[in-house]
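Engineer: Pasting run.tsv here (TSV, C-alpha atoms):
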chain	number	residue	atom	x	y	z
B	1	MET	CA	8.12	-10.98	-12.72
B	2	LYS	CA	8.56	-12.49	-16.19
B	3	ASN	CA	6.64	-15.68	-15.40
B	4	PHE	CA	4.28	-14.22	-12.83
B	5	ASN	CA	1.23	-12.20	-13.80
B	6	PRO	CA	-0.81	-11.32	-10.69
B	7	ALA	CA	-3.91	-10.38	-12.70
B	8	ASP	CA	-3.99	-13.92	-14.14
B	9	LYS	CA	-3.79	-15.34	-10.62
B	10	ILE	CA	-6.83	-13.29	-9.61
B	11	GLN	CA	-8.68	-14.21	-12.82
B	12	ASP	CA	-8.09	-17.91	-12.22
B	13	LEU	CA	-9.82	-17.85	-8.83
B	14	GLN	CA	-13.32	-19.27	-8.95
B	15	TYR	CA	-15.73	-19.27	-6.04
B	16	PHE	CA	-19.35	-20.35	-5.99
B	17	GLY	CA	-21.87	-18.80	-3.65
B	18	GLU	CA	-23.86	-20.87	-1.23
B	19	PHE	CA	-26.76	-21.04	-3.69
B	20	GLY	CA	-24.68	-21.21	-6.85
B	21	GLY	CA	-24.10	-17.49	-7.16
B	22	VAL	CA	-21.12	-16.21	-9.14
B	23	ASN	CA	-20.14	-14.22	-6.07
B	24	PRO	CA	-19.34	-16.09	-2.85
B	25	SER	CA	-22.05	-15.75	-0.24
B	26	ILE	CA	-21.39	-13.17	2.46
B	27	SER	CA	-21.14	-14.62	5.94
B	28	ASP	CA	-22.93	-11.97	7.98
B	29	SER	CA	-22.36	-13.59	11.37
B	30	SER	CA	-20.14	-12.75	14.30
B	31	THR	CA	-20.32	-16.26	15.74
B	32	TYR	CA	-20.89	-19.76	14.39
B	33	THR	CA	-22.70	-22.81	15.70
B	34	PHE	CA	-21.44	-26.39	16.08
B	35	LEU	CA	-23.18	-29.74	16.01
B	36	SER	CA	-20.86	-31.07	18.71
B	37	ALA	CA	-18.87	-29.66	21.60
B	38	LYS	CA	-15.83	-31.64	20.43
B	39	THR	CA	-15.79	-29.79	17.09
B	40	MET	CA	-15.96	-26.46	18.90
B	41	PHE	CA	-12.92	-27.42	21.00
B	42	ASP	CA	-10.99	-28.62	17.95
B	43	THR	CA	-11.80	-25.41	16.07
B	44	PHE	CA	-10.64	-23.25	18.97
B	45	GLU	CA	-7.37	-25.19	18.96
B	46	GLY	CA	-7.03	-24.68	15.20
B	47	ASN	CA	-7.49	-28.34	14.37
B	48	ALA	CA	-10.81	-28.31	12.47
B	49	GLU	CA	-10.39	-27.24	8.85
B	50	GLY	CA	-13.42	-25.51	7.33
B	51	CYS	CA	-15.09	-24.76	10.66
B	52	TYR	CA	-15.57	-21.27	12.07
B	53	LEU	CA	-15.80	-20.15	15.67
B	54	TYR	CA	-15.93	-16.37	15.88
B	55	SER	CA	-15.38	-13.73	13.23
B	56	ARG	CA	-12.40	-12.14	14.97
B	57	HIS	CA	-10.63	-15.45	14.37
B	58	SER	CA	-11.76	-15.85	10.77
B	59	SER	CA	-14.83	-15.80	8.59
B	60	PRO	CA	-15.63	-17.28	5.17
B	61	SER	CA	-15.82	-13.83	3.56
B	62	ASN	CA	-12.44	-12.77	4.93
B	63	LEU	CA	-10.84	-16.05	3.89
B	64	TYR	CA	-12.05	-15.63	0.30
B	65	LEU	CA	-10.33	-12.24	0.17
B	66	ASP	CA	-7.25	-13.65	1.95
B	67	GLN	CA	-6.88	-16.28	-0.77
B	68	ALA	CA	-7.33	-13.78	-3.61
B	69	LEU	CA	-4.73	-11.36	-2.24
B	70	ALA	CA	-2.27	-14.16	-1.49
B	71	ALA	CA	-2.67	-15.29	-5.11
B	72	MET	CA	-2.08	-11.74	-6.30
B	73	GLU	CA	1.16	-11.39	-4.31
B	74	GLY	CA	2.36	-14.99	-4.76
B	75	THR	CA	2.37	-15.88	-1.05
B	76	GLU	CA	1.09	-18.99	0.70
B	77	THR	CA	-1.69	-17.10	2.43
B	78	ALA	CA	-2.76	-13.71	3.77
B	79	ASN	CA	-4.70	-12.01	6.56
B	80	VAL	CA	-7.00	-9.06	5.89
B	81	SER	CA	-7.57	-6.34	8.46
B	82	ALA	CA	-9.80	-3.36	9.11
B	83	SER	CA	-7.26	-0.81	7.84
B	84	GLY	CA	-3.80	-0.51	6.38
B	85	MET	CA	-2.43	0.41	9.80
B	86	GLY	CA	-4.35	-2.60	11.12
B	87	ALA	CA	-2.05	-4.71	8.94
B	88	ILE	CA	1.21	-2.82	9.49
B	89	THR	CA	1.14	-2.53	13.28
B	90	PRO	CA	0.37	-6.17	14.20
B	91	THR	CA	2.88	-7.41	11.62
B	92	LEU	CA	5.72	-5.38	13.13
B	93	LEU	CA	4.69	-6.18	16.70
B	94	GLN	CA	4.61	-9.88	15.85
B	95	LEU	CA	8.15	-9.69	14.49
B	96	CYS	CA	9.66	-7.53	17.25
B	97	SER	CA	9.65	-7.36	21.03
B	98	ASN	CA	11.50	-5.53	23.81
B	99	VAL	CA	15.07	-4.38	22.86
B	100	ASP	CA	14.61	-5.33	19.18
B	101	HIS	CA	15.50	-2.92	16.39
B	102	ILE	CA	14.02	-2.00	13.00
B	103	VAL	CA	15.76	-0.36	10.05
B	104	SER	CA	13.14	1.59	8.11
B	105	SER	CA	13.03	3.83	5.09
B	106	ARG	CA	12.94	7.47	6.16
B	107	THR	CA	10.20	8.27	3.62
B	108	ILE	CA	7.15	6.23	4.52
B	109	TYR	CA	3.48	6.88	5.21
B	110	GLY	CA	3.11	9.33	8.10
B	111	GLY	CA	1.07	6.93	10.21
B	112	THR	CA	3.73	4.23	9.90
B	113	TYR	CA	6.42	6.76	10.75
B	114	ALA	CA	4.52	7.89	13.85
B	115	PHE	CA	4.01	4.27	14.96
B	116	LEU	CA	7.72	3.49	14.68
B	117	LYS	CA	8.97	6.84	16.00
B	118	ASN	CA	6.53	7.49	18.84
B	119	PHE	CA	4.63	4.31	19.74
B	120	THR	CA	6.89	1.25	19.53
B	121	PRO	CA	9.56	2.79	21.81
B	122	ARG	CA	7.03	2.29	24.63
B	123	PHE	CA	7.66	-1.43	24.16
B	124	GLY	CA	11.43	-1.09	23.89
B	125	ILE	CA	11.48	-1.34	20.09
B	126	LYS	CA	13.77	1.19	18.40
B	127	THR	CA	13.88	2.24	14.76
B	128	SER	CA	16.62	3.76	12.63
B	129	PHE	CA	15.28	5.77	9.67
B	130	VAL	CA	17.61	5.72	6.67
B	131	ASP	CA	17.78	6.59	2.98
B	132	ILE	CA	16.48	3.28	1.66
B	133	THR	CA	17.92	3.94	-1.80
B	134	LYS	CA	21.47	3.62	-0.45
B	135	LEU	CA	22.13	-0.04	0.31
B	136	ASP	CA	25.42	0.68	2.08
B	137	VAL	CA	23.64	3.07	4.45
B	138	VAL	CA	20.94	0.47	5.10
B	139	GLU	CA	23.48	-2.22	5.93
B	140	ALA	CA	25.51	0.13	8.14
B	141	ALA	CA	22.40	0.78	10.27
B	142	ILE	CA	21.95	-2.91	11.13
B	143	THR	CA	22.89	-3.96	14.67
B	144	ASP	CA	22.86	-7.26	16.53
B	145	LYS	CA	19.37	-6.26	17.76
B	146	THR	CA	17.90	-5.66	14.29
B	147	LYS	CA	15.03	-7.93	13.32
B	148	VAL	CA	13.30	-6.16	10.43
B	149	LEU	CA	14.03	-4.13	7.30
B	150	TYR	CA	10.96	-2.08	6.43
B	151	CYS	CA	10.25	-0.09	3.27
B	152	GLU	CA	7.64	0.91	0.74
B	153	THR	CA	8.15	-0.21	-2.86
B	154	VAL	CA	7.48	3.37	-3.96
B	155	SER	CA	7.68	5.70	-0.99
B	156	ASN	CA	4.99	8.03	0.25
B	157	PRO	CA	5.14	10.87	-0.67
B	158	LEU	CA	8.53	11.37	-2.38
B	159	LEU	CA	8.19	8.38	-4.73
B	160	GLU	CA	11.63	6.99	-3.93
B	161	VAL	CA	12.04	3.43	-5.20
B	162	ALA	CA	13.37	0.66	-2.98
B	163	ASP	CA	15.75	-1.87	-4.52
B	164	ILE	CA	13.83	-4.83	-3.14
B	165	ALA	CA	16.15	-7.47	-4.56
B	166	GLY	CA	19.17	-5.66	-3.08
B	167	LEU	CA	17.45	-5.24	0.29
B	168	ALA	CA	16.46	-8.92	0.26
B	169	LYS	CA	20.11	-9.93	-0.08
B	170	ILE	CA	21.02	-7.78	2.91
B	171	ALA	CA	18.10	-9.18	4.92
B	172	LYS	CA	19.08	-12.76	4.21
B	173	LYS	CA	22.75	-12.04	4.98
B	174	HIS	CA	21.81	-10.73	8.44
B	175	ASN	CA	18.88	-13.11	9.06
B	176	LEU	CA	16.30	-10.32	9.01
B	177	LYS	CA	12.73	-10.15	7.74
B	178	LEU	CA	12.15	-7.80	4.81
B	179	VAL	CA	8.68	-6.24	5.09
B	180	VAL	CA	7.47	-4.26	2.07
B	181	ASP	CA	4.43	-1.99	1.85
B	182	ASN	CA	3.32	-2.38	-1.78
B	183	THR	CA	0.30	-0.06	-1.61
B	184	PHE	CA	1.47	2.27	-4.40
B	185	SER	CA	2.33	-0.53	-6.85
B	186	PRO	CA	-0.17	-3.43	-6.84
B	187	LEU	CA	0.21	-5.74	-9.87
B	188	SER	CA	3.16	-3.67	-11.14
B	189	VAL	CA	5.58	-5.11	-8.57
B	190	ALA	CA	5.57	-8.49	-6.80
B	191	PRO	CA	7.97	-8.00	-3.85
B	192	ILE	CA	7.87	-11.68	-2.85
B	193	LYS	CA	9.27	-12.62	-6.25
B	194	LEU	CA	12.12	-10.18	-5.60
B	195	GLY	CA	12.99	-11.72	-2.23
B	196	ALA	CA	10.76	-9.96	0.31
B	197	ASP	CA	9.37	-12.00	3.21
B	198	ILE	CA	6.14	-10.13	3.92
B	199	VAL	CA	4.03	-7.80	1.76
B	200	ILE	CA	1.50	-5.33	3.14
B	201	HIS	CA	-1.20	-3.31	1.39
B	202	SER	CA	-3.63	-0.66	2.40
B	203	LEU	CA	-6.67	-2.06	0.61
B	204	THR	CA	-8.24	1.37	1.00
B	205	LYS	CA	-6.29	2.64	-1.98
B	206	TYR	CA	-5.91	1.06	-5.43
B	207	ILE	CA	-7.09	-2.43	-4.59
B	208	ASN	CA	-10.54	-1.30	-3.45
B	209	GLY	CA	-10.40	1.74	-5.72
B	210	SER	CA	-13.69	3.41	-4.84
B	211	SER	CA	-12.76	5.35	-1.67
B	212	ASP	CA	-15.69	3.90	0.22
B	213	THR	CA	-13.94	1.72	2.79
B	214	VAL	CA	-10.68	1.20	4.66
B	215	GLY	CA	-8.86	-2.11	4.84
B	216	GLY	CA	-5.47	-3.75	4.93
B	217	VAL	CA	-3.74	-7.07	4.32
B	218	THR	CA	-0.59	-8.90	5.30
B	219	CYS	CA	0.59	-11.43	2.70
B	220	ALA	CA	3.19	-13.95	3.89
B	221	SER	CA	4.00	-17.57	4.62
B	222	ARG	CA	1.39	-19.77	6.25
B	223	GLU	CA	3.65	-20.05	9.29
B	224	PHE	CA	3.78	-16.29	9.82
B	225	ILE	CA	0.08	-15.70	9.18
B	226	ASN	CA	-0.77	-18.49	11.62
B	227	SER	CA	1.43	-16.80	14.21
B	228	LEU	CA	-0.47	-13.51	13.65
B	229	LYS	CA	-3.77	-15.32	14.23
B	230	ASP	CA	-2.67	-17.48	17.19
B	231	VAL	CA	-5.28	-17.19	19.96
B	232	ASN	CA	-2.63	-16.96	22.68
B	233	SER	CA	0.12	-14.84	21.16
B	234	GLY	CA	-1.01	-13.50	17.77
B	235	ALA	CA	-0.86	-9.71	17.41
B	236	SER	CA	-3.72	-9.60	14.90
B	237	MET	CA	-5.85	-11.94	16.99
B	238	LEU	CA	-5.27	-10.14	20.28
B	239	LEU	CA	-5.33	-6.54	19.05
B	240	GLY	CA	-8.46	-7.29	17.02
B	241	PRO	CA	-8.19	-5.24	13.77
B	242	THR	CA	-10.77	-7.48	12.12
B	243	MET	CA	-12.25	-6.65	8.73
B	244	ASP	CA	-16.03	-6.75	8.48
B	245	SER	CA	-17.41	-9.47	6.21
B	246	LEU	CA	-19.52	-7.05	4.18
B	247	ARG	CA	-16.43	-4.93	3.51
B	248	SER	CA	-14.42	-8.00	2.53
B	249	ALA	CA	-17.05	-8.91	-0.04
B	250	SER	CA	-17.05	-5.36	-1.41
B	251	VAL	CA	-13.24	-5.25	-1.76
B	252	MET	CA	-13.30	-8.68	-3.40
B	253	LYS	CA	-15.60	-7.44	-6.14
B	254	ASN	CA	-13.47	-4.36	-6.79
B	255	LEU	CA	-10.26	-6.41	-6.87
B	256	ARG	CA	-11.46	-8.05	-10.10
B	257	THR	CA	-11.13	-4.79	-12.05
B	258	LEU	CA	-7.79	-3.77	-10.54
B	259	HIS	CA	-5.81	-4.70	-13.67
B	260	ILE	CA	-7.98	-2.49	-15.87
B	261	ARG	CA	-7.81	0.42	-13.46
B	262	MET	CA	-4.05	0.24	-12.89
B	263	LYS	CA	-3.37	0.39	-16.62
B	264	GLN	CA	-5.44	3.57	-16.94
B	265	HIS	CA	-4.02	5.19	-13.80
B	266	SER	CA	-0.50	4.54	-15.11
B	267	TYR	CA	-1.25	5.71	-18.65
B	268	ASN	CA	-2.79	8.96	-17.43
B	269	ALA	CA	-0.01	9.65	-14.92
B	270	MET	CA	2.70	9.07	-17.53
B	271	TYR	CA	0.93	11.40	-19.96
B	272	LEU	CA	0.65	14.23	-17.44
B	273	ALA	CA	4.16	13.72	-16.04
B	274	GLU	CA	5.73	13.98	-19.50
B	275	LYS	CA	3.65	17.02	-20.44
B	276	PHE	CA	4.33	18.96	-17.25
B	277	GLU	CA	8.04	18.13	-17.26
B	278	ASN	CA	8.24	19.39	-20.85
B	279	ASP	CA	6.49	22.56	-19.64
B	280	GLY	CA	9.38	23.11	-17.23
B	281	LEU	CA	7.80	22.02	-13.96
B	282	LYS	CA	9.69	20.02	-11.35
B	283	VAL	CA	7.92	16.65	-11.71
B	284	VAL	CA	8.74	13.41	-9.92
B	285	TYR	CA	7.34	10.25	-11.50
B	286	PRO	CA	9.11	6.86	-11.67
B	287	GLY	CA	8.21	6.50	-15.34
B	288	LEU	CA	10.28	9.55	-16.31
B	289	PRO	CA	13.93	8.99	-17.28
B	290	SER	CA	14.72	11.96	-15.00
B	291	HIS	CA	13.66	9.95	-11.94
B	292	PRO	CA	16.85	8.82	-10.15
B	293	SER	CA	15.58	5.23	-9.87
B	294	HIS	CA	13.88	5.02	-13.28
B	295	GLU	CA	16.09	2.22	-14.61
B	296	LEU	CA	15.85	0.24	-11.36
B	297	TYR	CA	12.08	0.50	-11.30
B	298	ALA	CA	11.74	-0.29	-15.00
B	299	GLY	CA	13.57	-3.55	-14.29
B	300	MET	CA	11.28	-4.40	-11.35
B	301	ILE	CA	7.84	-3.83	-12.78
B	302	ASN	CA	5.45	-5.84	-14.86
B	303	LYS	CA	5.39	-3.32	-17.71
B	304	GLU	CA	1.81	-4.18	-18.65
B	305	TYR	CA	0.65	-2.23	-15.59
B	306	GLY	CA	3.05	0.67	-15.96
B	307	PHE	CA	4.74	2.94	-13.45
B	308	GLY	CA	1.69	3.67	-11.31
B	309	GLY	CA	-0.67	6.57	-10.83
B	310	MET	CA	1.28	8.66	-8.29
B	311	MET	CA	3.27	11.78	-9.19
B	312	THR	CA	4.43	14.95	-7.47
B	313	ILE	CA	4.87	18.50	-8.70
B	314	ASP	CA	6.74	21.18	-6.75
B	315	VAL	CA	5.17	24.60	-7.27
B	316	GLY	CA	7.55	26.48	-4.96
B	317	SER	CA	5.52	27.37	-1.87
B	318	LEU	CA	2.70	26.08	0.32
B	319	ASP	CA	0.54	29.12	-0.48
B	320	LYS	CA	0.91	28.50	-4.22
B	321	ALA	CA	0.22	24.78	-3.73
B	322	ASN	CA	-2.96	25.51	-1.79
B	323	GLU	CA	-4.13	28.07	-4.38
B	324	LEU	CA	-3.59	25.62	-7.22
B	325	MET	CA	-5.33	22.71	-5.47
B	326	GLU	CA	-8.32	24.87	-4.56
B	327	LEU	CA	-8.63	26.13	-8.14
B	328	MET	CA	-8.32	22.63	-9.63
B	329	GLN	CA	-11.06	21.42	-7.30
B	330	GLU	CA	-13.24	24.39	-8.27
B	331	ARG	CA	-12.76	23.46	-11.96
B	332	ASN	CA	-13.85	19.84	-11.29
B	333	LEU	CA	-10.39	18.43	-12.00
B	334	GLY	CA	-10.34	16.43	-8.79
B	335	TYR	CA	-10.56	16.69	-5.04
B	336	LEU	CA	-8.37	18.31	-2.43
B	337	ALA	CA	-8.20	15.13	-0.40
B	338	VAL	CA	-5.75	12.61	0.99
B	339	SER	CA	-5.56	8.94	-0.04
B	340	LEU	CA	-5.24	7.53	-3.55
B	341	GLY	CA	-6.69	5.15	-6.10
B	342	PHE	CA	-10.02	6.95	-6.64
B	343	TYR	CA	-11.55	7.37	-10.11
B	344	LYS	CA	-11.10	11.14	-9.78
B	345	THR	CA	-7.70	12.72	-9.29
B	346	LEU	CA	-6.86	13.48	-5.65
B	347	PHE	CA	-4.27	16.05	-4.61
B	348	SER	CA	-2.78	17.14	-1.31
B	349	ALA	CA	0.24	18.91	0.16
B	350	PRO	CA	1.77	15.96	2.04
B	351	GLY	CA	3.90	18.06	4.37
B	352	THR	CA	0.72	19.35	6.02
B	353	SER	CA	-1.39	16.20	5.56
B	354	THR	CA	-0.32	12.59	5.06
B	355	SER	CA	3.25	13.24	6.26
B	356	SER	CA	2.47	15.84	8.92
B	357	GLU	CA	3.55	13.38	11.62
B	358	ILE	CA	7.14	13.83	10.42
B	359	PRO	CA	8.84	16.82	12.14
B	360	LEU	CA	9.51	19.80	9.87
B	361	GLU	CA	13.30	19.55	10.17
B	362	GLU	CA	13.15	15.90	9.09
B	363	GLN	CA	10.83	16.77	6.21
B	364	LYS	CA	13.42	19.27	4.96
B	365	GLU	CA	16.24	16.76	5.39
B	366	MET	CA	14.48	14.17	3.22
B	367	GLY	CA	13.50	16.71	0.57
B	368	LEU	CA	9.82	17.13	1.41
B	369	THR	CA	9.31	20.78	0.45
B	370	ASP	CA	6.43	23.15	1.27
B	371	GLY	CA	5.41	23.49	-2.36
B	372	LEU	CA	5.17	19.78	-3.09
B	373	ILE	CA	1.78	18.53	-4.32
B	374	ARG	CA	1.12	14.80	-4.38
B	375	PHE	CA	-1.24	13.70	-7.13
B	376	SER	CA	-3.15	10.43	-7.32
B	377	ILE	CA	-4.07	10.56	-11.00
B	378	GLY	CA	-7.59	9.38	-11.79
B	379	LEU	CA	-9.20	7.34	-14.53
B	380	ASP	CA	-9.99	10.28	-16.84
B	381	ASN	CA	-11.04	9.10	-20.29
B	382	ASP	CA	-9.72	12.19	-22.09
B	383	ILE	CA	-6.39	12.90	-20.41
B	384	GLU	CA	-5.46	15.54	-23.01
B	385	ARG	CA	-8.52	17.55	-21.88
B	386	THR	CA	-7.43	17.13	-18.26
B	387	TYR	CA	-3.92	18.32	-19.07
B	388	GLN	CA	-5.18	21.43	-20.84
B	389	MET	CA	-7.48	22.31	-17.96
B	390	MET	CA	-4.76	21.77	-15.34
B	391	LYS	CA	-2.33	23.84	-17.39
B	392	GLU	CA	-4.87	26.69	-17.60
B	393	CYS	CA	-5.07	26.68	-13.79
B	394	MET	CA	-1.28	26.79	-13.52
B	395	VAL	CA	-0.94	29.62	-16.02
B	396	GLU	CA	-3.69	31.60	-14.29
B	397	LEU	CA	-1.84	31.37	-10.95
B	398	GLY	CA	1.63	31.96	-12.36
B	399	VAL	CA	2.87	28.43	-11.72
B	400	LEU	CA	3.58	28.22	-15.47
Could you render the structure from this file as C-alpha cells?
Structural biologist:
Amino acid sequence: MKNFNPADKIQDLQYFGEFGGVNPSISDSSTYTFLSAKTMFDTFEGNAEGCYLYSRHSSPSNLYLDQALAAMEGTETANVSASGMGAITPTLLQLCSNVDHIVSSRTIYGGTYAFLKNFTPRFGIKTSFVDITKLDVVEAAITDKTKVLYCETVSNPLLEVADIAGLAKIAKKHNLKLVVDNTFSPLSVAPIKLGADIVIHSLTKYINGSSDTVGGVTCASREFINSLKDVNSGASMLLGPTMDSLRSASVMKNLRTLHIRMKQHSYNAMYLAEKFENDGLKVVYPGLPSHPSHELYAGMINKEYGFGGMMTIDVGSLDKANELMELMQERNLGYLAVSLGFYKTLFSAPGTSTSSEIPLEEQKEMGLTDGLIRFSIGLDNDIERTYQMMKECMVELGVL
C-alpha cells in the first residue's frame, strides 16, 4: 500500500462529456445502431473496440465506472452489476462448476452465506465455512476439488480481519483463486496489492454513499472479466445482472468524494469506539488495540483513510438492543436500518437482520450474540455531541 494511493488513481481519471461536459455523457440507450452489418457482427464477436451492441453486454456509462473502480483497486479492468450479490454470484459461478469446492470465511454477509450454503449445492458446488483468521484451519479445509478461497477483508458483522497476504500465499500454493469482498474497507485496503486475485464491492454501501441505489462490481484481470462477459459462457452476461446507465453515472459522481467521506467515517468511529470502550462497554472496532487483529489490520491499511466506519457494541440481550436502537432513532441519532455508508449512522441487530440467513446454532458458534448491535457510523460534524447523546440513551436504559 505504501506506493499505491487509490484516491489519487480516481483523481487522475479525466473524462469529457459528449459536448465537452466535465461529467461523461450518460448513454441512455438499451441498444445501439451500426453503419454497417459487418461492424455489428464484429462487435458481437468482441472484435470491434469502442462499438456497442446492447447494454446488457456493455454501455459507455458502465465502462466509465468500470475503469474508475479498476483504477481504485489496481486491477486491469472491472465489471459493474446491478447489486453486490449481482457481482458475487456470477463471479463464484464463473470460477466453479459441478463437484468443485469453495473454502469460505464463516462470518460473511448473510446473502453470500445463503448463496453458498443453500443455492450452489444445487449445482454440485460445496462450501466449507471456516475461521478465516486461522490460516492453518483454512489450509486444512482445502481438498483436491477446491477452486476458491473466499473472504471479506473485514467480516460482516463480527469485524474479523482476514490476513489477505497470508491467504494469498495459501491460494497460490494450491493453485486457487482468492476472492475478497472489500465492501467494508474501500481505499483503506487494496487486496490486489496484498495478493488477492479478484476484489468485489457492494457499491450500495460506502462507494455510492447516499443509500439511494444498489450496485456491485467485480475487479480483476482482463482475462477474467472477459470470461464473465463472454456471450456464450459468461455468468454475468447470461444471468444478466446489468447496472442501469443512469445509476452508473450517479455512482461515478459519488465515487469522487469517497476519500473525504471515508476519513470522516473512520475518525468518527474511532472516537466513539474509544469513548464507549473506556465507559466499560464491550466494543469491537479494528482500530482499538483490544481488537484481536488490530496489529495485522494496522499493517494492511492505508492509514490516511483509517480503520473504517463499522463498529459493534454488545448490550447483553436482543430486547435491550432493540430498546436502545429505537430510542437512538427517536432522538435523531440515526436510523434503525440495515446497510452502511450513509451520512447518518445506521444500526441494526445483525442476528435478526443482515445475518438472519445463518442458523442460530451457527451464529452462537461464531460469536454472534443476541445483544450485538452493528453500527455504521455516519458523517456527524460534532462527534462529541453524538457521543453524549448516545451515552444519555444508554444510561437511561441501563446499558451504562
Engineer: Using CA of Ala220 (chain B) and CA of Ala78 (chain B) as the two end points, give the distance in Å to one decimal.
Structural biologist: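 Straight-line distance from CA of Ala220 (chain B) to CA of Ala78 (chain B) works out to 6.0 Å.
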Engineer: Measure the distance from CA of Ser339 (chain B) to CA of Gly240 (chain B) in Å and round it to one decimal.
Structural biologist: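 Between CA of Ser339 (chain B) and CA of Gly240 (chain B) the gap works out to 23.7 Å.
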Engineer: With only C-alpha atoms counted and 9 Å as the cut-off, give the residues of region 162-192 of chain B in contact with region 253-276 of chain B, each with its shortest interatomic distance in Å and the pair that gives it, as JSON lines.
Structural biologist:
{"residue": "B:Ser185", "atom": "CA", "partner": "B:Met262", "partner_atom": "CA", "distance": 8.8}
{"residue": "B:Pro186", "atom": "CA", "partner": "B:Met262", "partner_atom": "CA", "distance": 8.1}
{"residue": "B:Leu187", "atom": "CA", "partner": "B:His259", "partner_atom": "CA", "distance": 7.2}
{"residue": "B:Ser188", "atom": "CA", "partner": "B:Met262", "partner_atom": "CA", "distance": 8.4}
Engineer: How many Å lie between CA of Leu53 (chain B) and CA of Thr31 (chain B), rounded to one decimal?
Structural biologist: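 Rounded to one decimal, the two atoms are 6.0 Å apart.
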Engineer: Pull the neighbourhood of (-6.0, -11.1, 4.9) for me: all residues within 9 Å in file coordinates, counting all atoms listed in the file, as JSON, numbers by chain.
Structural biologist: {"B": [62, 63, 64, 65, 66, 67, 69, 70, 77, 78, 79, 80, 81, 87, 216, 217, 218, 219, 225, 243]}
Engineer: Find the spatial neighbours of Ala235 (chain B), counting only C-alpha atoms, within a cut-off of 10 Å - ignore same-chain residues fewer than 3 positions away - and output them as an MDAnalysis selection string.
Structural biologist: chainID B and resid 87 89:95 227:232 238:241
Engineer: Kindly extract all protein, DNA and RNA residues lying within 10 Å of the coordinates (-19.3, -14.1, -4.6) given in the file, considering only C-alpha atoms, and supply them as a PyMOL selection string.
Structural biologist: chain B and resi 14-18+20-26+61+64+249-250+252-253
Engineer: Taking all atoms listed in the file into account, name the residue in B:Asp144, B:Glu160, B:Asn118, B:Leu194 that is nearest to Arg106 (chain B).
Structural biologist: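 The answer is B:Glu160, which sits nearest to Arg106 (chain B).
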Engineer: For Ser155 (chain B), list every protein, DNA or RNA residue within 9 Å, evaluated using all atoms listed in the file, and leave out those in the same chain fewer than 2 positions away; present the list as a PDB file with C-alpha atoms, in the frame of the given file.
Structural biologist:
ATOM      1  CA  SER B 105      13.030   3.830   5.090  1.00  0.00           C
ATOM      2  CA  THR B 107      10.200   8.270   3.620  1.00  0.00           C
ATOM      3  CA  ILE B 108       7.150   6.230   4.520  1.00  0.00           C
ATOM      4  CA  TYR B 109       3.480   6.880   5.210  1.00  0.00           C
ATOM      5  CA  CYS B 151      10.250  -0.090   3.270  1.00  0.00           C
ATOM      6  CA  GLU B 152       7.640   0.910   0.740  1.00  0.00           C
ATOM      7  CA  THR B 153       8.150  -0.210  -2.860  1.00  0.00           C
ATOM      8  CA  PRO B 157       5.140  10.870  -0.670  1.00  0.00           C
ATOM      9  CA  LEU B 158       8.530  11.370  -2.380  1.00  0.00           C
ATOM     10  CA  LEU B 159       8.190   8.380  -4.730  1.00  0.00           C
ATOM     11  CA  GLU B 160      11.630   6.990  -3.930  1.00  0.00           C
ATOM     12  CA  VAL B 161      12.040   3.430  -5.200  1.00  0.00           C
ATOM     13  CA  ALA B 162      13.370   0.660  -2.980  1.00  0.00           C
ATOM     14  CA  ASP B 181       4.430  -1.990   1.850  1.00  0.00           C
ATOM     15  CA  PHE B 184       1.470   2.270  -4.400  1.00  0.00           C
TER      16      PHE B 184
END
Engineer: Show which residues sit within 8 Å of Leu203 (chain B), as a list of chain:residue names. Count only C-alpha atoms, and ignore same-chain residues fewer than 5 positions away.
Structural biologist: B:Ser83, B:Gly84, B:Thr183, B:Asn208, B:Val214, B:Gly215, B:Gly216, B:Val217, B:Val251
Engineer: Keeping only C-alpha atoms, take the residues you just selected and write them out as a PDB file, in the frame of the given file.
Structural biologist:
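Saved the output as again_23.pdb:
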ATOM      1  CA  SER B  83      -7.260  -0.810   7.840  1.00  0.00           C
ATOM      2  CA  GLY B  84      -3.800  -0.510   6.380  1.00  0.00           C
ATOM      3  CA  THR B 183       0.300  -0.060  -1.610  1.00  0.00           C
ATOM      4  CA  ASN B 208     -10.540  -1.300  -3.450  1.00  0.00           C
ATOM      5  CA  VAL B 214     -10.680   1.200   4.660  1.00  0.00           C
ATOM      6  CA  GLY B 215      -8.860  -2.110   4.840  1.00  0.00           C
ATOM      7  CA  GLY B 216      -5.470  -3.750   4.930  1.00  0.00           C
ATOM      8  CA  VAL B 217      -3.740  -7.070   4.320  1.00  0.00           C
ATOM      9  CA  VAL B 251     -13.240  -5.250  -1.760  1.00  0.00           C
TER      10      VAL B 251
END
Engineer: Name the residues in contact with region 384-397 of chain B at a cut-off of 7 Å, using only C-alpha atoms, excluding same-chain residues fewer than 2 positions from it; report them as a list in words.
Structural biologist: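 Result of the neighbour search: Leu272, Leu324, Leu327, Met328, Asp382, Val399 and Leu400 of chain B.
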Engineer: For region 32-35 of chain B, list every protein, DNA or RNA residue within 8 Å, evaluated using only C-alpha atoms, and leave out those in the same chain fewer than 5 positions away; present the list as a PyMOL selection string.
Structural biologist: chain B and resi 40+52-54
Engineer: So which one's closest to Thr242 (chain B), B:Asn98, B:Ser59, B:Ser104, B:Asn381? Using all atoms listed in the file, please.
Structural biologist: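 Result for the nearest residue to Thr242 (chain B): B:Ser59.
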